[in-house]
Amino acid sequence: MTINSKLEVLTPQNSQLIIIDQQPQMAFGVQSMDRQVLKNNVVALAKSAKVFNIPTIITTVETEGFSGYTYPELLSVFPEHNVLERTSMNSWDDQKVRDALKANGKKKVVVAGLWTEVCNNSFALCAMAEGDYEIYMVADASGGTSKEAHDYAMQRMIQAGVIPVTWQQVMLEWQRDWARKETYTAVMDIVREHSGAYGMGVDYAYTMVHKAEQRPHGNQKILAPVPAK
C-alpha cells in the first residue's frame, strides 16, 4: 500500500525551508496581520530551522531598486548564507532557486514569504506543478496586502494541494518528542523569546515553580521595599 506522503509529519530529515522576500518595503504593504508579529514569527521560524539544521534558502526581489534589504534579525540567524536575488515575482523563475531546492534534496518545502497572494502563491503552484515538491505554507509567517488577499490566496493554494501550517506548529513537529534533549533547550529558548503568552508561562514556571535561574540579563539587583515616611 502506498502511503500518502502528506500524512508524514515534518522532520529535520525530510524538509527544507525557503524564506521569500522578507524585506521592509514588502512588509510595508502587509495589511493581513500585525507587521511586528509577522517579523517575530518569521525570525522564530528561522531560528527553529537553524536549531534543527534545516536547509534554508533566503531569496529577495529588487533589493536596491524597491524592496530593501532582508531584516537584519533574519540575516543574523544565517550569517554565512548567500541571499538569492531575483527580478521575477515568482522565485521559481530564477534558476538559482531551483538549483538550491534541488541541492537540498528534500521534497517537503516549508515556505514563509511576502506577499501571500503573489510571491508565495506563484512559487507554490509552480514548484508543485513543475518540481513535484510538497509545499507547507506558514500562514502566520507570511502576509498579504489585505486580509482578503491573504485568506483567498491561502484558500487557492490549499485547493491546489498546499498544506497550511503555522511557525510554532512546524517547530514542534521538528522537535516531536521532549525527550530529544539535544534540541530541547534551544527550542524552549525560542519559545520563551517568541511565543508570547506560552513563552511567558514557561519563564514563570522555570523561575517560580522550578526555581531555575532567570534567563541571562544584566546585573540588576531587586531592592527591598522601603515604606515612605
# chains A, B, ... in the order shown; residues from 1 in each chain; ligands from 1
$ residues_around --residues "Met171 (chain A)" --least-positions-apart "2" --cutoff "9 Å" --atoms "only C-alpha atoms" --output "ChimeraX atom specification"
/A:44-45,48-49,52,166-169,173-176,187
$ residues_around --residues "Leu114 (chain A)" --least-positions-apart "2" --cutoff "6 Å" --atoms "only C-alpha atoms" --output "number ranges by chain"
A: 21, 116, 142-143
$ write_last_selection --atoms "N, CA, C and O atoms" --output "PDB file, in the first residue's frame"
ATOM      1  N   ASP A  21      11.370  37.036   0.246  1.00  0.00           N
ATOM      2  CA  ASP A  21      11.100  38.486   0.212  1.00  0.00           C
ATOM      3  C   ASP A  21      10.655  39.072   1.548  1.00  0.00           C
ATOM      4  O   ASP A  21       9.748  39.910   1.613  1.00  0.00           O
ATOM      5  N   THR A 116       1.592  36.896   0.260  1.00  0.00           N
ATOM      6  CA  THR A 116       0.963  35.591   0.119  1.00  0.00           C
ATOM      7  C   THR A 116       0.336  35.410  -1.253  1.00  0.00           C
ATOM      8  O   THR A 116       0.475  34.360  -1.887  1.00  0.00           O
ATOM      9  N   SER A 142       3.724  34.678   6.883  1.00  0.00           N
ATOM     10  CA  SER A 142       3.504  35.218   5.550  1.00  0.00           C
ATOM     11  C   SER A 142       2.415  36.276   5.655  1.00  0.00           C
ATOM     12  O   SER A 142       1.554  36.192   6.536  1.00  0.00           O
ATOM     13  N   GLY A 143       2.435  37.239   4.757  1.00  0.00           N
ATOM     14  CA  GLY A 143       1.442  38.306   4.831  1.00  0.00           C
ATOM     15  C   GLY A 143       1.009  38.781   3.468  1.00  0.00           C
ATOM     16  O   GLY A 143       1.776  38.717   2.500  1.00  0.00           O
TER      17      GLY A 143
END
$ select_by_dssp --residues "region 130-220 of chain A" --states "helix (DSSP H, G or I)" --output "ChimeraX atom specification"
/A:130-131,139-141,147-160,167-175,181-194,196-209
$ closest_residue --among "A:Asp132, A:Val170, A:Ala124, A:Ala179" --to "Met157 (chain A)" --atoms "only C-alpha atoms"
A:Ala124
$ closest_residue --among "A:Asp99, A:Asp140, A:Glu85, A:Glu134" --to "Gln36 (chain A)" --atoms "only C-alpha atoms"
A:Asp140
$ atom_distance --atom1 "CA of Phe123 (chain A)" --atom2 "CA of Ser76 (chain A)"
25.0 Å
$ closest_residue --among "A:His81, A:Thr60, A:Glu182, A:Glu117" --to "Lys147 (chain A)" --atoms "only C-alpha atoms"
A:Glu117
$ residues_around --residues "Gln16 (chain A)" --least-positions-apart "2" --cutoff "12 Å" --atoms "only C-alpha atoms" --output "ChimeraX atom specification"
/A:10-14,18-19,45-46,48-50,52-58,100-112,133-136,170,174
$ write_last_selection --atoms "N, CA and C atoms" --output "mmCIF file, in the first residue's frame"
data_model
loop_
_atom_site.group_PDB
_atom_site.id
_atom_site.type_symbol
_atom_site.label_atom_id
_atom_site.label_comp_id
_atom_site.auth_asym_id
_atom_site.auth_seq_id
_atom_site.Cartn_x
_atom_site.Cartn_y
_atom_site.Cartn_z
ATOM 1 N N LEU A 10 6.413 16.610 9.469
ATOM 2 C CA LEU A 10 7.682 17.240 9.115
ATOM 3 C C LEU A 10 8.769 16.764 10.078
ATOM 4 N N THR A 11 9.930 16.454 9.538
ATOM 5 C CA THR A 11 11.083 16.069 10.351
ATOM 6 C C THR A 11 12.302 16.843 9.858
ATOM 7 N N PRO A 12 13.352 16.893 10.659
ATOM 8 C CA PRO A 12 14.586 17.526 10.179
ATOM 9 C C PRO A 12 15.194 16.809 8.982
ATOM 10 N N GLN A 13 14.805 15.563 8.768
ATOM 11 C CA GLN A 13 15.380 14.789 7.668
ATOM 12 C C GLN A 13 14.609 14.935 6.358
ATOM 13 N N ASN A 14 13.336 15.369 6.410
ATOM 14 C CA ASN A 14 12.542 15.362 5.176
ATOM 15 C C ASN A 14 12.139 16.738 4.665
ATOM 16 N N ILE A 18 12.235 27.731 2.631
ATOM 17 C CA ILE A 18 12.540 28.869 1.791
ATOM 18 C C ILE A 18 11.854 30.100 2.365
ATOM 19 N N ILE A 19 12.630 31.150 2.554
ATOM 20 C CA ILE A 19 12.135 32.432 3.071
ATOM 21 C C ILE A 19 12.151 33.413 1.904
ATOM 22 N N LEU A 45 10.776 31.228 13.151
ATOM 23 C CA LEU A 45 10.843 30.090 12.230
ATOM 24 C C LEU A 45 12.275 29.859 11.766
ATOM 25 N N ALA A 46 12.975 30.937 11.443
ATOM 26 C CA ALA A 46 14.362 30.818 11.002
ATOM 27 C C ALA A 46 15.245 30.241 12.106
ATOM 28 N N SER A 48 14.291 28.321 14.480
ATOM 29 C CA SER A 48 13.921 26.916 14.606
ATOM 30 C C SER A 48 14.630 26.081 13.549
ATOM 31 N N ALA A 49 14.646 26.585 12.319
ATOM 32 C CA ALA A 49 15.321 25.867 11.240
ATOM 33 C C ALA A 49 16.800 25.683 11.545
ATOM 34 N N LYS A 50 17.408 26.698 12.137
ATOM 35 C CA LYS A 50 18.826 26.591 12.468
ATOM 36 C C LYS A 50 19.069 25.537 13.551
ATOM 37 N N PHE A 52 17.466 22.860 14.080
ATOM 38 C CA PHE A 52 17.302 21.502 13.552
ATOM 39 C C PHE A 52 18.094 21.257 12.265
ATOM 40 N N ASN A 53 18.974 22.200 11.931
ATOM 41 C CA ASN A 53 19.820 22.061 10.735
ATOM 42 C C ASN A 53 18.997 21.846 9.467
ATOM 43 N N ILE A 54 17.909 22.601 9.360
ATOM 44 C CA ILE A 54 17.059 22.520 8.178
ATOM 45 C C ILE A 54 17.710 23.319 7.045
ATOM 46 N N PRO A 55 17.928 22.728 5.880
ATOM 47 C CA PRO A 55 18.461 23.513 4.758
ATOM 48 C C PRO A 55 17.548 24.703 4.472
ATOM 49 N N THR A 56 18.124 25.888 4.422
ATOM 50 C CA THR A 56 17.319 27.105 4.324
ATOM 51 C C THR A 56 17.798 27.989 3.179
ATOM 52 N N ILE A 57 16.845 28.459 2.387
ATOM 53 C CA ILE A 57 17.101 29.367 1.267
ATOM 54 C C ILE A 57 16.484 30.716 1.607
ATOM 55 N N ILE A 58 17.232 31.780 1.378
ATOM 56 C CA ILE A 58 16.703 33.139 1.525
ATOM 57 C C ILE A 58 16.734 33.792 0.155
ATOM 58 N N ALA A 100 19.076 25.471 -5.849
ATOM 59 C CA ALA A 100 19.227 25.357 -4.393
ATOM 60 C C ALA A 100 18.222 24.367 -3.819
ATOM 61 N N LEU A 101 16.980 24.421 -4.275
ATOM 62 C CA LEU A 101 15.966 23.469 -3.819
ATOM 63 C C LEU A 101 16.384 22.038 -4.138
ATOM 64 N N LYS A 102 16.863 21.836 -5.360
ATOM 65 C CA LYS A 102 17.282 20.501 -5.776
ATOM 66 C C LYS A 102 18.479 20.028 -4.967
ATOM 67 N N ALA A 103 19.438 20.907 -4.742
ATOM 68 C CA ALA A 103 20.644 20.540 -3.993
ATOM 69 C C ALA A 103 20.312 20.145 -2.563
ATOM 70 N N ASN A 104 19.284 20.773 -1.988
ATOM 71 C CA ASN A 104 18.900 20.428 -0.613
ATOM 72 C C ASN A 104 18.297 19.036 -0.522
ATOM 73 N N GLY A 105 17.732 18.564 -1.624
ATOM 74 C CA GLY A 105 17.294 17.176 -1.701
ATOM 75 C C GLY A 105 16.106 16.806 -0.834
ATOM 76 N N LYS A 106 15.255 17.776 -0.486
ATOM 77 C CA LYS A 106 14.081 17.500 0.344
ATOM 78 C C LYS A 106 12.833 17.903 -0.425
ATOM 79 N N LYS A 107 11.856 17.009 -0.510
ATOM 80 C CA LYS A 107 10.644 17.290 -1.269
ATOM 81 C C LYS A 107 9.617 18.111 -0.495
ATOM 82 N N LYS A 108 9.721 18.126 0.827
ATOM 83 C CA LYS A 108 8.805 18.924 1.634
ATOM 84 C C LYS A 108 9.423 20.311 1.833
ATOM 85 N N VAL A 109 8.781 21.335 1.266
ATOM 86 C CA VAL A 109 9.326 22.680 1.298
ATOM 87 C C VAL A 109 8.430 23.568 2.155
ATOM 88 N N VAL A 110 8.967 24.037 3.260
ATOM 89 C CA VAL A 110 8.276 24.974 4.141
ATOM 90 C C VAL A 110 8.524 26.380 3.594
ATOM 91 N N VAL A 111 7.450 27.173 3.470
ATOM 92 C CA VAL A 111 7.533 28.483 2.821
ATOM 93 C C VAL A 111 7.022 29.574 3.751
ATOM 94 N N ALA A 112 7.796 30.659 3.869
ATOM 95 C CA ALA A 112 7.350 31.856 4.579
ATOM 96 C C ALA A 112 7.730 33.048 3.725
ATOM 97 N N TYR A 133 7.295 19.242 -5.809
ATOM 98 C CA TYR A 133 7.536 19.483 -4.386
ATOM 99 C C TYR A 133 6.220 19.499 -3.623
ATOM 100 N N GLU A 134 6.269 19.177 -2.331
ATOM 101 C CA GLU A 134 5.153 19.388 -1.417
ATOM 102 C C GLU A 134 5.392 20.723 -0.715
ATOM 103 N N ILE A 135 4.372 21.560 -0.665
ATOM 104 C CA ILE A 135 4.522 22.891 -0.097
ATOM 105 C C ILE A 135 3.761 22.999 1.215
ATOM 106 N N TYR A 136 4.461 23.454 2.239
ATOM 107 C CA TYR A 136 3.894 23.710 3.560
ATOM 108 C C TYR A 136 3.964 25.218 3.792
ATOM 109 N N VAL A 170 5.317 24.045 13.001
ATOM 110 C CA VAL A 170 6.466 23.483 12.287
ATOM 111 C C VAL A 170 7.594 23.152 13.262
ATOM 112 N N TRP A 174 9.144 19.394 14.168
ATOM 113 C CA TRP A 174 10.570 19.054 14.080
ATOM 114 C C TRP A 174 11.073 18.494 15.397
#
$ residues_around --residues "Ser146 (chain A)" --least-positions-apart "3" --cutoff "6 Å" --atoms "only C-alpha atoms" --output "short mmCIF file (atom, residue, chain, number, x, y, z; two decimals) with C-alpha atoms, in the first residue's frame"
data_model
loop_
_atom_site.label_atom_id
_atom_site.label_comp_id
_atom_site.auth_asym_id
_atom_site.auth_seq_id
_atom_site.Cartn_x
_atom_site.Cartn_y
_atom_site.Cartn_z
CA GLN A 31 -2.35 44.54 5.95
CA SER A 32 -3.37 40.96 6.79
CA ALA A 149 -5.80 38.83 -0.27
#
$ atom_distance --atom1 "CA of Ser5 (chain A)" --atom2 "CA of Val162 (chain A)"
12.5 Å
$ atom_distance --atom1 "CA of Met128 (chain A)" --atom2 "CA of Ala160 (chain A)"
8.9 Å
$ residues_around --residues "region 189-194 of chain A" --least-positions-apart "6" --cutoff "9 Å" --atoms "only C-alpha atoms" --output "short mmCIF file (atom, residue, chain, number, x, y, z; two decimals) with N, CA and C atoms, in the first residue's frame"
data_model
loop_
_atom_site.label_atom_id
_atom_site.label_comp_id
_atom_site.auth_asym_id
_atom_site.auth_seq_id
_atom_site.Cartn_x
_atom_site.Cartn_y
_atom_site.Cartn_z
N ASN A 40 8.33 38.85 14.04
CA ASN A 40 8.64 37.95 15.15
C ASN A 40 8.53 36.49 14.70
N ASN A 41 7.46 36.20 13.97
CA ASN A 41 7.18 34.81 13.60
C ASN A 41 8.19 34.27 12.59
N VAL A 43 11.28 35.31 12.11
CA VAL A 43 12.57 35.16 12.78
C VAL A 43 12.56 33.91 13.66
N ALA A 44 11.45 33.66 14.35
CA ALA A 44 11.34 32.45 15.16
C ALA A 44 11.42 31.20 14.31
N LYS A 47 15.07 30.72 13.33
CA LYS A 47 15.84 30.18 14.46
C LYS A 47 15.55 28.70 14.65
N SER A 48 14.29 28.32 14.48
CA SER A 48 13.92 26.92 14.61
C SER A 48 14.63 26.08 13.55
N GLN A 168 5.00 27.85 14.84
CA GLN A 168 5.23 27.05 16.04
C GLN A 168 4.87 25.59 15.80
N MET A 200 5.96 33.35 28.09
CA MET A 200 5.91 33.97 29.41
C MET A 200 5.61 32.93 30.48
N GLY A 201 4.70 32.01 30.14
CA GLY A 201 4.35 30.95 31.08
C GLY A 201 5.52 30.03 31.37
N VAL A 202 6.31 29.75 30.34
CA VAL A 202 7.49 28.91 30.53
C VAL A 202 8.50 29.61 31.44
N ASP A 203 8.73 30.90 31.18
CA ASP A 203 9.63 31.67 32.05
C ASP A 203 9.16 31.62 33.50
#
$ closest_residue --among "A:Asp151, A:Asp34, A:Glu213, A:Glu8" --to "Pro164 (chain A)" --atoms "only C-alpha atoms"
A:Asp151
$ residues_around --residues "region 88-91 of chain A" --least-positions-apart "5" --cutoff "8 Å" --atoms "only C-alpha atoms" --output "list in words"
Ile20, Thr59, Val61, Val97, Val118, Cys119, Asn120, Ser122 and Phe123 of chain A
$ write_last_selection --atoms "N, CA, C and O atoms" --output "short mmCIF file (atom, residue, chain, number, x, y, z; two decimals), in the first residue's frame"
data_model
loop_
_atom_site.label_atom_id
_atom_site.label_comp_id
_atom_site.auth_asym_id
_atom_site.auth_seq_id
_atom_site.Cartn_x
_atom_site.Cartn_y
_atom_site.Cartn_z
N ILE A 20 10.96 33.90 1.53
CA ILE A 20 10.80 34.69 0.32
C ILE A 20 10.49 36.15 0.65
O ILE A 20 9.47 36.45 1.29
N THR A 59 15.57 34.22 -0.32
CA THR A 59 15.50 34.84 -1.64
C THR A 59 14.85 36.21 -1.54
O THR A 59 13.97 36.44 -0.70
N VAL A 61 13.76 40.10 -3.82
CA VAL A 61 13.41 40.67 -5.11
C VAL A 61 13.71 42.16 -5.12
O VAL A 61 13.37 42.87 -4.17
N VAL A 97 17.35 29.52 -7.55
CA VAL A 97 16.41 29.00 -6.56
C VAL A 97 16.12 27.53 -6.85
O VAL A 97 16.13 26.68 -5.95
N VAL A 118 0.96 36.81 -4.09
CA VAL A 118 1.80 36.98 -5.28
C VAL A 118 2.98 36.01 -5.22
O VAL A 118 2.98 34.96 -5.85
N CYS A 119 3.99 36.36 -4.44
CA CYS A 119 5.23 35.59 -4.42
C CYS A 119 5.03 34.18 -3.87
O CYS A 119 5.58 33.22 -4.41
N ASN A 120 4.25 34.05 -2.81
CA ASN A 120 4.02 32.72 -2.24
C ASN A 120 3.16 31.86 -3.16
O ASN A 120 3.48 30.69 -3.41
N SER A 122 2.49 32.07 -6.46
CA SER A 122 3.08 31.67 -7.74
C SER A 122 4.19 30.64 -7.54
O SER A 122 4.29 29.66 -8.29
N PHE A 123 5.01 30.83 -6.51
CA PHE A 123 6.06 29.85 -6.24
C PHE A 123 5.47 28.49 -5.89
O PHE A 123 5.90 27.46 -6.40
#
$ decode --residues "region 215-229 of chain A" --atoms "all heavy atoms" --output "short mmCIF file (atom, residue, chain, number, x, y, z; two decimals), in the first residue's frame"
data_model
loop_
_atom_site.label_atom_id
_atom_site.label_comp_id
_atom_site.auth_asym_id
_atom_site.auth_seq_id
_atom_site.Cartn_x
_atom_site.Cartn_y
_atom_site.Cartn_z
N ARG A 215 16.69 33.90 32.95
CA ARG A 215 17.50 33.95 31.73
C ARG A 215 18.54 35.05 31.88
O ARG A 215 18.34 36.03 32.60
CB ARG A 215 16.60 34.25 30.52
CG ARG A 215 15.86 33.05 30.01
CD ARG A 215 15.22 33.34 28.67
NE ARG A 215 14.01 34.16 28.81
CZ ARG A 215 13.46 34.83 27.80
NH1 ARG A 215 14.01 34.81 26.61
NH2 ARG A 215 12.36 35.53 27.99
N PRO A 216 19.66 34.92 31.17
CA PRO A 216 20.71 35.95 31.28
C PRO A 216 20.16 37.35 31.03
O PRO A 216 19.41 37.58 30.08
CB PRO A 216 21.70 35.53 30.19
CG PRO A 216 21.49 34.07 30.03
CD PRO A 216 20.02 33.83 30.27
N HIS A 217 20.53 38.25 31.91
CA HIS A 217 20.11 39.65 31.76
C HIS A 217 21.27 40.50 32.24
O HIS A 217 22.42 40.18 31.98
CB HIS A 217 18.80 39.92 32.51
CG HIS A 217 18.80 39.45 33.94
ND1 HIS A 217 19.08 40.28 34.98
CD2 HIS A 217 18.56 38.23 34.47
CE1 HIS A 217 19.01 39.60 36.11
NE2 HIS A 217 18.70 38.35 35.83
N GLY A 218 21.02 41.58 32.90
CA GLY A 218 22.11 42.43 33.39
C GLY A 218 22.52 42.05 34.80
O GLY A 218 22.37 40.91 35.24
N ASN A 219 23.05 43.02 35.52
CA ASN A 219 23.48 42.80 36.91
C ASN A 219 22.54 43.47 37.89
O ASN A 219 22.93 43.87 38.98
CB ASN A 219 24.91 43.33 37.10
CG ASN A 219 25.91 42.56 36.26
OD1 ASN A 219 25.88 41.33 36.22
ND2 ASN A 219 26.78 43.28 35.57
N GLN A 220 21.27 43.57 37.47
CA GLN A 220 20.31 44.26 38.33
C GLN A 220 20.13 43.53 39.64
O GLN A 220 20.20 42.30 39.70
CB GLN A 220 18.94 44.38 37.63
CG GLN A 220 18.95 45.14 36.33
CD GLN A 220 19.16 44.25 35.13
OE1 GLN A 220 19.57 43.10 35.25
NE2 GLN A 220 18.93 44.79 33.93
N LYS A 221 19.87 44.32 40.68
CA LYS A 221 19.50 43.76 41.98
C LYS A 221 18.08 44.19 42.27
O LYS A 221 17.64 45.26 41.85
CB LYS A 221 20.43 44.27 43.06
CG LYS A 221 21.88 43.84 42.90
CD LYS A 221 22.75 44.41 44.02
CE LYS A 221 24.20 44.00 43.84
NZ LYS A 221 25.06 44.58 44.91
N ILE A 222 17.35 43.33 42.98
CA ILE A 222 16.00 43.70 43.42
C ILE A 222 16.14 44.36 44.78
O ILE A 222 16.57 43.71 45.76
CB ILE A 222 15.08 42.48 43.48
CG1 ILE A 222 14.91 41.88 42.08
CG2 ILE A 222 13.70 42.87 44.07
CD1 ILE A 222 14.08 40.61 42.04
N LEU A 223 15.80 45.62 44.86
CA LEU A 223 15.89 46.37 46.12
C LEU A 223 14.61 46.20 46.91
O LEU A 223 13.50 46.34 46.38
CB LEU A 223 16.15 47.84 45.84
CG LEU A 223 17.41 48.15 44.99
CD1 LEU A 223 17.57 49.66 44.82
CD2 LEU A 223 18.65 47.52 45.61
N ALA A 224 14.74 45.90 48.17
CA ALA A 224 13.58 45.65 49.03
C ALA A 224 12.72 46.89 49.17
O ALA A 224 13.21 48.02 49.06
CB ALA A 224 14.06 45.17 50.40
N PRO A 225 11.41 46.68 49.39
CA PRO A 225 10.52 47.84 49.58
C PRO A 225 10.95 48.68 50.79
O PRO A 225 11.41 48.15 51.81
CB PRO A 225 9.14 47.21 49.84
CG PRO A 225 9.26 45.81 49.29
CD PRO A 225 10.69 45.41 49.47
N VAL A 226 10.80 49.99 50.70
CA VAL A 226 11.07 50.92 51.80
C VAL A 226 9.84 51.82 51.93
O VAL A 226 9.62 52.70 51.09
CB VAL A 226 12.32 51.77 51.54
CG1 VAL A 226 12.53 52.75 52.71
CG2 VAL A 226 13.54 50.88 51.36
N PRO A 227 9.02 51.61 52.94
CA PRO A 227 7.82 52.45 53.10
C PRO A 227 8.22 53.91 53.26
O PRO A 227 9.17 54.25 53.98
CB PRO A 227 7.17 51.91 54.38
CG PRO A 227 7.71 50.52 54.51
CD PRO A 227 9.11 50.56 53.97
N ALA A 228 7.50 54.78 52.54
CA ALA A 228 7.75 56.22 52.65
C ALA A 228 7.28 56.72 54.01
O ALA A 228 6.29 56.22 54.57
CB ALA A 228 7.03 56.96 51.54
N LYS A 229 7.99 57.71 54.57
CA LYS A 229 7.62 58.27 55.89
C LYS A 229 6.61 59.38 55.72
O LYS A 229 6.63 60.13 54.78
CB LYS A 229 8.88 58.81 56.58
CG LYS A 229 9.90 57.73 56.87
CD LYS A 229 11.13 58.32 57.52
CE LYS A 229 12.18 57.22 57.80
NZ LYS A 229 13.40 57.79 58.42
#
